[in-house]
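Chemist: Sharing a structure below in structure tokens format, with a few things to ask.
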There are 2 protein chains.
Amino acid sequence: MNAEKIPDIIIGRLPVYLRALQRMADNGLKTTSSQELGEHVGISAAQIRKDISQFGEFGKQGTGYSIAYLLDKLKEILKVNHIWDVALIGAGDMGHALVRYQGFTNRGFKIVMVFDNNKEKVGQKIDGFSIEDADKLAERIKSSGIKIAMLTVPAPAAQSVADKLVQAGVKAILNYAPISLNVPKSVKVQYIDPSIHLQRMTYYL
Amino acid sequence: MNAEKIPDIIIGRLPVYLRALQRMADNGLKTTSSQELGEHVGISAAQIRKDISQFGEFGKQGTGYSIAYLLDKLKEILKVNHIWDVALIGAGDMGHALVRYQGFTNRGFKIVMVFDNNKEKVGQKIDGFSIEDADKLAERIKSSGIKIAMLTVPAPAAQSVADKLVQAGVKAILNYAPISLNVPKSVKVQYIDPSIHLQRMTYYL
DNA sequence: AAGTACTTGTGTCTAATTGCACAAAATCTT
DNA sequence: AAGATTTTGTGCAATTAGACACAAGTACTT
């Protein structure tokens, strides 16, 4: 075990291992090896062993890893052994798709509030959710203690909404707006911008 | 200039620079510096200078970079100085959101085909697009010469669709399905999985 | 025209990350 | 029960990435 600071790059790979292990578990598998897991996720076996060993000795020589046990440990490390409430800001097409997305609940997240600044949308329902007025965002998030938000507003609005989220105590933002956000170092941001991702591949074509 | 192999990690940052520069240009700015650009994207000025200098000497001492010129150069490097045709597979909520998304055309991409394997959806229209039968996918993609695909199908279908895409000559896949894809090294994959991105932040909460 | 301020591109150093290899432990085979 | 096989965790080496510092060129100021 190692109590030192774990590099971001290792933390970034853990969710990928977690997803693959969950899939194995769903398929009824009981144990796996760094070799096998590596083939599934496209990462070298040595890398996987080293990553996992940062947090403890979870494997057994000759046998490998118990999938159920490693799943538990990874969920604990990533703090997704319970469900996080998430606020969604921006009820456009992307916001709608995310509200309806079935892939959050069994992976640690649940959307519990949806906001939009368009007064005509406020009060409308998506899958049972009432869209709330973005003017009430700060107050509602602060009082509910929500720490995670997903941002699906147009680029010009994104920074000012992010500022309000930070002010309201949000510590993690999943940003779908095509713009780099400026936030305090204590707040984490992850970016999803399909054009950026596509442009990372065209260089190689 | 440097003709050697450019590291992936540098290529990965270029689209972020490109997006920020485009924004500056839209705001009427003519020049910028590594310092200023760095503040916008949250990357050190030295890093930005070193990244850009891999491809040539695009700046001028004392002045910085011409935004229009650097934009041109980055687009050329990333090969997004023309529009790439893209195929979308999976006409669910996410597929719909992507078809309607306005952020592709001025950044180098255009969805030109949409496929689904649900026979009831085939023939339906999204924003003017007729949804095509996924059985025809290989043939249609091969004959059209499309090199880029976006995958928004359920996880269990993703690998087999990816295999067909590779077979049809696709060289870049933007994968929204929550599963690691197994493809030849000559094919690039980028992953978008909101749960993964969220799990990369919860560790720090 | 001289001085000041700004900014690039890059050489050097430091830090971070990955790859390799193997002892040790567990299991399987005969 | 002995030998063969599997597989982990980790020390060390190699590679890669990032930070720092500065000469040199450009523009601005007085």
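To be explicit about the labels: the chains of the structure tokens are called A, B, and onward in the order shown, and within each one the residues are counted from 1, while ligands get numbers from 1 in the order they are shown.
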Mind running chain A against chain C at 8 Å and telling me each contacting residue's nearest atom pair with the distance in Å (one decimal), counting only C-alpha atoms (C1' of nucleotides), chain and number ascending, as JSON lines?

Modeler:
{"residue": "A:Gln47", "atom": "CA", "partner": "C:DT18", "partner_atom": "C1'", "distance": 7.5}
{"residue": "A:Lys60", "atom": "CA", "partner": "C:DA26", "partner_atom": "C1'", "distance": 7.2}
{"residue": "A:Gln61", "atom": "CA", "partner": "C:DA26", "partner_atom": "C1'", "distance": 5.4}
{"residue": "A:Gly62", "atom": "CA", "partner": "C:DA26", "partner_atom": "C1'", "distance": 4.7}
{"residue": "A:Thr63", "atom": "CA", "partner": "C:DA26", "partner_atom": "C1'", "distance": 6.8}

Chemist: Fit chain A to chain B, using all C-alpha atoms paired in sequence order for the least-squares superposition, and then show me the result as a short mmCIF file (atom, residue, chain, number, x, y, z; two decimals) with C-alpha atoms, in the first residue's frame.

Modeler:
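Result file follows (selection-v8.cif):
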data_model
loop_
_atom_site.label_atom_id
_atom_site.label_comp_id
_atom_site.auth_asym_id
_atom_site.auth_seq_id
_atom_site.Cartn_x
_atom_site.Cartn_y
_atom_site.Cartn_z
CA MET A 1 10.38 22.44 -37.51
CA ASN A 2 10.55 18.85 -36.55
CA ALA A 3 9.70 15.97 -38.86
CA GLU A 4 9.87 13.34 -36.12
CA LYS A 5 6.87 11.55 -34.73
CA ILE A 6 4.70 13.93 -32.75
CA PRO A 7 3.50 12.48 -29.43
CA ASP A 8 -0.21 11.73 -29.07
CA ILE A 9 -0.40 13.90 -26.01
CA ILE A 10 0.56 16.97 -28.02
CA ILE A 11 -1.92 16.17 -30.79
CA GLY A 12 -4.54 15.86 -28.09
CA ARG A 13 -4.00 19.43 -26.93
CA LEU A 14 -4.08 21.06 -30.35
CA PRO A 15 -7.88 20.88 -30.75
CA VAL A 16 -8.21 22.71 -27.43
CA TYR A 17 -5.94 25.49 -28.67
CA LEU A 18 -7.89 25.55 -31.91
CA ARG A 19 -11.19 25.97 -30.12
CA ALA A 20 -9.88 28.80 -27.96
CA LEU A 21 -8.33 30.58 -30.95
CA GLN A 22 -11.55 30.30 -32.91
CA ARG A 23 -13.34 31.91 -30.01
CA MET A 24 -10.81 34.74 -29.91
CA ALA A 25 -11.17 35.25 -33.66
CA ASP A 26 -14.97 35.36 -33.31
CA ASN A 27 -14.49 38.07 -30.70
CA GLY A 28 -12.52 40.13 -33.20
CA LEU A 29 -9.05 39.62 -31.72
CA LYS A 30 -6.13 39.62 -34.14
CA THR A 31 -3.13 38.42 -32.13
CA THR A 32 -2.48 36.52 -28.92
CA SER A 33 0.47 35.24 -26.90
CA SER A 34 1.27 31.86 -25.42
CA GLN A 35 0.67 33.52 -22.06
CA GLU A 36 -2.83 34.70 -22.94
CA LEU A 37 -3.81 31.51 -24.71
CA GLY A 38 -2.52 29.52 -21.76
CA GLU A 39 -4.73 31.44 -19.35
CA HIS A 40 -7.75 30.64 -21.52
CA VAL A 41 -7.14 26.93 -21.76
CA GLY A 42 -5.44 26.32 -18.41
CA ILE A 43 -2.08 25.19 -19.78
CA SER A 44 1.33 26.75 -19.13
CA ALA A 45 2.68 29.20 -21.70
CA ALA A 46 5.89 27.20 -22.07
CA GLN A 47 3.91 24.08 -22.84
CA ILE A 48 1.92 25.83 -25.53
CA ARG A 49 5.02 27.30 -27.16
CA LYS A 50 6.72 23.94 -27.17
CA ASP A 51 3.67 22.18 -28.60
CA ILE A 52 3.24 24.68 -31.41
CA SER A 53 6.95 24.80 -32.21
CA GLN A 54 6.85 21.11 -33.08
CA PHE A 55 5.23 22.10 -36.36
CA GLY A 56 7.06 25.28 -37.30
CA GLU A 57 7.83 28.80 -36.18
CA PHE A 58 4.42 30.40 -36.29
CA GLY A 59 4.95 33.17 -33.77
CA LYS A 60 6.86 36.41 -33.71
CA GLN A 61 8.97 37.61 -30.81
CA GLY A 62 7.56 40.59 -29.02
CA THR A 63 4.18 40.23 -30.71
CA GLY A 64 3.05 36.66 -30.24
CA TYR A 65 0.89 34.76 -32.73
CA SER A 66 -1.41 35.98 -35.46
CA ILE A 67 -4.69 34.29 -34.54
CA ALA A 68 -5.86 33.87 -38.12
CA TYR A 69 -2.54 32.41 -39.22
CA LEU A 70 -2.26 30.03 -36.26
CA LEU A 71 -5.85 28.92 -36.82
CA ASP A 72 -5.02 28.09 -40.43
CA LYS A 73 -1.91 26.18 -39.44
CA LEU A 74 -3.62 24.18 -36.71
CA LYS A 75 -6.51 23.30 -39.00
CA GLU A 76 -4.04 22.17 -41.61
CA ILE A 77 -2.07 20.07 -39.10
CA LEU A 78 -5.23 18.47 -37.74
CA LYS A 79 -6.61 18.07 -41.26
CA VAL A 80 -9.79 19.92 -40.42
CA ASN A 81 -9.26 22.56 -43.10
CA HIS A 82 -11.97 20.70 -44.97
CA ILE A 83 -15.20 18.99 -43.93
CA TRP A 84 -15.18 15.26 -43.14
CA ASP A 85 -18.27 13.20 -43.80
CA VAL A 86 -19.29 11.20 -40.76
CA ALA A 87 -21.62 8.22 -40.32
CA LEU A 88 -23.73 7.91 -37.18
CA ILE A 89 -24.80 4.48 -36.02
CA GLY A 90 -27.58 4.29 -33.46
CA ALA A 91 -30.60 6.56 -33.66
CA GLY A 92 -31.48 6.60 -29.97
CA ASP A 93 -31.66 9.68 -27.77
CA MET A 94 -27.92 10.34 -28.02
CA GLY A 95 -27.93 9.79 -31.77
CA HIS A 96 -30.79 12.26 -32.13
CA ALA A 97 -28.97 14.85 -30.04
CA LEU A 98 -25.85 14.50 -32.19
CA VAL A 99 -27.74 14.77 -35.47
CA ARG A 100 -29.29 18.01 -34.27
CA TYR A 101 -26.06 19.34 -32.77
CA GLN A 102 -24.98 22.55 -34.48
CA GLY A 103 -21.36 22.37 -33.38
CA PHE A 104 -19.90 20.10 -36.05
CA THR A 105 -19.99 21.94 -39.36
CA ASN A 106 -17.75 24.87 -38.53
CA ARG A 107 -15.28 22.54 -36.86
CA GLY A 108 -14.65 20.12 -39.68
CA PHE A 109 -17.40 17.50 -39.58
CA LYS A 110 -20.77 16.74 -41.06
CA ILE A 111 -23.06 13.82 -40.35
CA VAL A 112 -24.20 12.46 -43.70
CA MET A 113 -25.70 9.07 -42.82
CA VAL A 114 -27.65 7.70 -39.86
CA PHE A 115 -28.17 3.99 -39.27
CA ASP A 116 -30.23 1.93 -36.86
CA ASN A 117 -30.98 -1.78 -36.67
CA ASN A 118 -34.54 -1.25 -35.47
CA LYS A 119 -36.68 -1.87 -38.57
CA GLU A 120 -39.40 0.39 -37.19
CA LYS A 121 -37.02 3.33 -37.09
CA VAL A 122 -35.67 2.70 -40.58
CA GLY A 123 -37.16 5.24 -42.96
CA GLN A 124 -38.08 7.67 -40.20
CA LYS A 125 -36.59 11.13 -40.45
CA ILE A 126 -34.41 13.12 -38.04
CA ASP A 127 -33.88 16.68 -39.12
CA GLY A 128 -34.30 15.67 -42.74
CA PHE A 129 -32.16 12.53 -42.52
CA SER A 130 -33.70 9.23 -43.39
CA ILE A 131 -32.60 6.57 -40.92
CA GLU A 132 -31.06 3.73 -42.91
CA ASP A 133 -31.04 0.03 -42.18
CA ALA A 134 -27.93 -1.06 -40.26
CA ASP A 135 -27.78 -4.18 -42.42
CA LYS A 136 -26.73 -1.93 -45.30
CA LEU A 137 -24.09 -0.17 -43.22
CA ALA A 138 -20.97 -1.93 -44.52
CA GLU A 139 -21.94 -1.52 -48.15
CA ARG A 140 -23.03 2.12 -47.84
CA ILE A 141 -19.96 3.21 -45.90
CA LYS A 142 -17.55 1.37 -48.13
CA SER A 143 -18.98 2.83 -51.32
CA SER A 144 -19.12 6.35 -49.93
CA GLY A 145 -15.52 6.29 -48.69
CA ILE A 146 -16.43 7.51 -45.22
CA LYS A 147 -13.54 7.30 -42.75
CA ILE A 148 -15.16 8.52 -39.54
CA ALA A 149 -18.07 7.08 -37.55
CA MET A 150 -19.85 7.90 -34.33
CA LEU A 151 -21.21 4.97 -32.38
CA THR A 152 -24.28 5.52 -30.22
CA VAL A 153 -25.60 1.98 -29.95
CA PRO A 154 -26.18 -0.03 -26.74
CA ALA A 155 -23.05 -1.63 -25.25
CA PRO A 156 -23.88 -5.21 -26.28
CA ALA A 157 -24.05 -4.23 -29.96
CA ALA A 158 -21.02 -1.94 -30.00
CA GLN A 159 -18.21 -4.43 -30.70
CA SER A 160 -19.94 -6.14 -33.60
CA VAL A 161 -20.85 -2.80 -35.17
CA ALA A 162 -17.27 -1.63 -34.69
CA ASP A 163 -16.04 -4.75 -36.49
CA LYS A 164 -18.31 -3.95 -39.43
CA LEU A 165 -17.12 -0.34 -39.50
CA VAL A 166 -13.49 -1.43 -39.57
CA GLN A 167 -14.30 -3.91 -42.30
CA ALA A 168 -15.94 -1.09 -44.27
CA GLY A 169 -12.79 1.02 -44.10
CA VAL A 170 -13.60 3.37 -41.21
CA LYS A 171 -10.40 4.63 -39.56
CA ALA A 172 -11.74 6.73 -36.69
CA ILE A 173 -14.54 5.88 -34.27
CA LEU A 174 -16.06 8.16 -31.67
CA ASN A 175 -17.54 5.63 -29.28
CA TYR A 176 -20.39 6.59 -26.97
CA ALA A 177 -21.10 2.99 -25.97
CA PRO A 178 -19.88 2.20 -22.45
CA ILE A 179 -17.40 -0.48 -23.47
CA SER A 180 -13.78 -0.69 -24.58
CA LEU A 181 -13.57 -1.54 -28.26
CA ASN A 182 -11.12 -3.96 -29.77
CA VAL A 183 -9.88 -2.66 -33.12
CA PRO A 184 -6.70 -2.90 -35.24
CA LYS A 185 -3.94 -0.46 -34.36
CA SER A 186 -4.53 1.37 -37.64
CA VAL A 187 -7.97 2.45 -36.38
CA LYS A 188 -8.32 5.26 -33.83
CA VAL A 189 -10.98 5.26 -31.14
CA GLN A 190 -12.02 8.04 -28.82
CA TYR A 191 -14.30 7.32 -25.90
CA ILE A 192 -17.13 9.39 -24.49
CA ASP A 193 -18.81 7.83 -21.48
CA PRO A 194 -20.31 10.31 -19.03
CA SER A 195 -20.12 7.84 -16.13
CA ILE A 196 -16.40 7.33 -16.72
CA HIS A 197 -15.84 11.07 -16.79
CA LEU A 198 -17.81 11.55 -13.60
CA GLN A 199 -15.91 8.72 -11.89
CA ARG A 200 -12.66 10.48 -12.73
CA MET A 201 -13.75 13.33 -10.48
CA THR A 202 -15.41 11.65 -7.51
CA TYR A 203 -12.05 10.43 -6.21
CA TYR A 204 -11.21 14.04 -5.39
CA LEU A 205 -14.49 14.88 -3.65
#

Chemist: Could you list the residues in chain D lying within 8 Å of chain A, using only C-alpha atoms (C1' of nucleotides), and format the result as a ChimeraX atom specification?

Modeler: /D:6-9

Chemist: For the strand (DSSP E) assignment from backbone DSSP, which residues of chain B qualify? Please present them as JSON, numbers by chain.

Modeler: {"B": [31, 32, 59, 60, 64, 65, 66, 84, 85, 86, 87, 88, 89, 109, 110, 111, 112, 113, 114, 115, 116, 125, 126, 129, 130, 131, 132, 133, 148, 149, 150, 151, 172, 173, 174, 175, 188, 189, 190, 191]}

Chemist: For the residues in the current selection, export C-alpha atoms as a tab-separated table (two decimals), in the first residue's frame.

Modeler:
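Writing the result to selection-v3.tsv gives the following:
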chain	number	residue	atom	x	y	z
B	31	THR	CA	-3.18	38.40	-32.17
B	32	THR	CA	-2.50	36.52	-28.97
B	59	GLY	CA	4.95	33.16	-33.80
B	60	LYS	CA	6.84	36.42	-33.77
B	64	GLY	CA	3.02	36.68	-30.29
B	65	TYR	CA	0.88	34.76	-32.77
B	66	SER	CA	-1.44	35.96	-35.50
B	84	TRP	CA	-15.16	15.27	-43.12
B	85	ASP	CA	-18.26	13.21	-43.81
B	86	VAL	CA	-19.29	11.21	-40.76
B	87	ALA	CA	-21.62	8.23	-40.32
B	88	LEU	CA	-23.73	7.92	-37.19
B	89	ILE	CA	-24.80	4.48	-36.02
B	109	PHE	CA	-17.39	17.50	-39.56
B	110	LYS	CA	-20.76	16.74	-41.05
B	111	ILE	CA	-23.06	13.82	-40.34
B	112	VAL	CA	-24.20	12.46	-43.69
B	113	MET	CA	-25.70	9.09	-42.81
B	114	VAL	CA	-27.64	7.72	-39.87
B	115	PHE	CA	-28.17	3.99	-39.27
B	116	ASP	CA	-30.25	1.94	-36.88
B	125	LYS	CA	-36.57	11.16	-40.42
B	126	ILE	CA	-34.40	13.13	-38.03
B	129	PHE	CA	-32.15	12.56	-42.51
B	130	SER	CA	-33.70	9.25	-43.38
B	131	ILE	CA	-32.61	6.59	-40.92
B	132	GLU	CA	-31.06	3.76	-42.89
B	133	ASP	CA	-31.04	0.05	-42.18
B	148	ILE	CA	-15.16	8.53	-39.53
B	149	ALA	CA	-18.07	7.08	-37.55
B	150	MET	CA	-19.86	7.91	-34.33
B	151	LEU	CA	-21.20	4.97	-32.39
B	172	ALA	CA	-11.73	6.74	-36.68
B	173	ILE	CA	-14.54	5.88	-34.27
B	174	LEU	CA	-16.05	8.16	-31.68
B	175	ASN	CA	-17.53	5.62	-29.29
B	188	LYS	CA	-8.31	5.26	-33.82
B	189	VAL	CA	-10.98	5.26	-31.14
B	190	GLN	CA	-12.02	8.05	-28.81
B	191	TYR	CA	-14.31	7.30	-25.90

Chemist: Please run DSSP on the backbone and report, as a PyMOL selection string, all residues within segment 64-149 of chain B that come out as helix (DSSP H, G or I).

Modeler: chain B and resi 67-77+93-100+105-107+134-144

Chemist: Only N, CA, C and O atoms, please: the residues just picked out, written as a compact mmCIF listing (two decimals), in the first residue's frame.

Modeler:
# COMPACT_ATOMS: atom_id res chain seq x y z
N ILE B 67 -3.66 35.27 -34.82
CA ILE B 67 -4.70 34.29 -34.56
C ILE B 67 -5.16 33.60 -35.85
O ILE B 67 -5.26 32.38 -35.92
N ALA B 68 -5.40 34.40 -36.89
CA ALA B 68 -5.88 33.83 -38.15
C ALA B 68 -4.86 32.85 -38.72
O ALA B 68 -5.22 31.76 -39.18
N TYR B 69 -3.59 33.23 -38.67
CA TYR B 69 -2.54 32.38 -39.23
C TYR B 69 -2.40 31.08 -38.44
O TYR B 69 -2.32 29.99 -39.01
N LEU B 70 -2.40 31.21 -37.11
CA LEU B 70 -2.26 30.01 -36.27
C LEU B 70 -3.46 29.08 -36.44
O LEU B 70 -3.32 27.85 -36.49
N LEU B 71 -4.64 29.69 -36.55
CA LEU B 71 -5.85 28.90 -36.82
C LEU B 71 -5.68 28.08 -38.10
O LEU B 71 -5.93 26.87 -38.11
N ASP B 72 -5.24 28.74 -39.15
CA ASP B 72 -5.02 28.06 -40.42
C ASP B 72 -4.05 26.90 -40.27
O ASP B 72 -4.30 25.79 -40.75
N LYS B 73 -2.94 27.18 -39.60
CA LYS B 73 -1.91 26.16 -39.45
C LYS B 73 -2.41 24.97 -38.64
O LYS B 73 -2.18 23.82 -39.00
N LEU B 74 -3.10 25.26 -37.53
CA LEU B 74 -3.62 24.16 -36.69
C LEU B 74 -4.64 23.33 -37.45
O LEU B 74 -4.65 22.10 -37.36
N LYS B 75 -5.51 24.02 -38.20
CA LYS B 75 -6.51 23.28 -38.98
C LYS B 75 -5.83 22.39 -40.01
O LYS B 75 -6.25 21.25 -40.25
N GLU B 76 -4.77 22.92 -40.59
CA GLU B 76 -4.03 22.14 -41.59
C GLU B 76 -3.38 20.92 -40.93
O GLU B 76 -3.47 19.80 -41.44
N ILE B 77 -2.73 21.15 -39.80
CA ILE B 77 -2.06 20.05 -39.07
C ILE B 77 -3.06 18.97 -38.70
O ILE B 77 -2.82 17.77 -38.90
N ASP B 93 -31.63 8.31 -28.26
CA ASP B 93 -31.65 9.68 -27.77
C ASP B 93 -30.33 10.40 -28.07
O ASP B 93 -30.32 11.54 -28.52
N MET B 94 -29.22 9.72 -27.80
CA MET B 94 -27.92 10.35 -28.02
C MET B 94 -27.70 10.61 -29.50
O MET B 94 -27.23 11.67 -29.90
N GLY B 95 -28.05 9.63 -30.33
CA GLY B 95 -27.93 9.81 -31.78
C GLY B 95 -28.73 11.00 -32.26
O GLY B 95 -28.23 11.83 -33.03
N HIS B 96 -29.97 11.12 -31.77
CA HIS B 96 -30.79 12.26 -32.13
C HIS B 96 -30.11 13.58 -31.75
O HIS B 96 -30.07 14.52 -32.54
N ALA B 97 -29.60 13.62 -30.52
CA ALA B 97 -28.97 14.85 -30.04
C ALA B 97 -27.78 15.22 -30.93
O ALA B 97 -27.57 16.40 -31.25
N LEU B 98 -27.02 14.23 -31.35
CA LEU B 98 -25.85 14.51 -32.18
C LEU B 98 -26.25 14.97 -33.58
O LEU B 98 -25.62 15.86 -34.14
N VAL B 99 -27.29 14.36 -34.13
CA VAL B 99 -27.74 14.79 -35.46
C VAL B 99 -28.16 16.25 -35.43
O VAL B 99 -27.88 17.02 -36.34
N ARG B 100 -28.81 16.64 -34.35
CA ARG B 100 -29.30 18.02 -34.26
C ARG B 100 -28.22 19.01 -33.81
O ARG B 100 -28.41 20.22 -33.89
N THR B 105 -20.32 21.44 -38.01
CA THR B 105 -19.98 21.94 -39.35
C THR B 105 -18.82 22.94 -39.38
O THR B 105 -17.93 22.80 -40.21
N ASN B 106 -18.83 23.90 -38.46
CA ASN B 106 -17.74 24.87 -38.53
C ASN B 106 -16.48 24.37 -37.81
O ASN B 106 -15.54 25.12 -37.60
N ARG B 107 -16.48 23.08 -37.47
CA ARG B 107 -15.26 22.53 -36.85
C ARG B 107 -14.74 21.30 -37.59
O ARG B 107 -13.90 20.57 -37.09
N ALA B 134 -29.30 -0.69 -40.67
CA ALA B 134 -27.93 -1.02 -40.27
C ALA B 134 -27.38 -2.22 -41.04
O ALA B 134 -26.16 -2.39 -41.14
N ASP B 135 -28.27 -3.03 -41.62
CA ASP B 135 -27.78 -4.15 -42.43
C ASP B 135 -27.02 -3.67 -43.67
O ASP B 135 -26.17 -4.37 -44.19
N LYS B 136 -27.36 -2.46 -44.09
CA LYS B 136 -26.72 -1.91 -45.30
C LYS B 136 -25.47 -1.09 -44.99
O LYS B 136 -24.84 -0.54 -45.89
N LEU B 137 -25.16 -1.01 -43.70
CA LEU B 137 -24.09 -0.14 -43.21
C LEU B 137 -22.74 -0.38 -43.92
O LEU B 137 -22.15 0.57 -44.47
N ALA B 138 -22.29 -1.61 -43.94
CA ALA B 138 -20.97 -1.91 -44.51
C ALA B 138 -20.90 -1.44 -45.96
O ALA B 138 -19.97 -0.71 -46.34
N GLU B 139 -21.89 -1.83 -46.70
CA GLU B 139 -21.93 -1.50 -48.13
C GLU B 139 -21.96 0.01 -48.37
O GLU B 139 -21.16 0.56 -49.13
N ARG B 140 -22.86 0.69 -47.66
CA ARG B 140 -23.03 2.14 -47.83
C ARG B 140 -21.77 2.90 -47.45
O ARG B 140 -21.37 3.85 -48.13
N ILE B 141 -21.14 2.51 -46.35
CA ILE B 141 -19.95 3.21 -45.89
C ILE B 141 -18.78 2.96 -46.83
O ILE B 141 -18.05 3.87 -47.19
N LYS B 142 -18.64 1.72 -47.22
CA LYS B 142 -17.53 1.39 -48.12
C LYS B 142 -17.64 2.17 -49.43
O LYS B 142 -16.67 2.78 -49.88
N SER B 143 -18.83 2.18 -50.00
CA SER B 143 -18.97 2.83 -51.31
C SER B 143 -18.88 4.35 -51.22
O SER B 143 -18.52 5.01 -52.18
N SER B 144 -19.16 4.90 -50.05
CA SER B 144 -19.10 6.36 -49.93
C SER B 144 -17.73 6.84 -49.49
O SER B 144 -17.44 8.04 -49.52
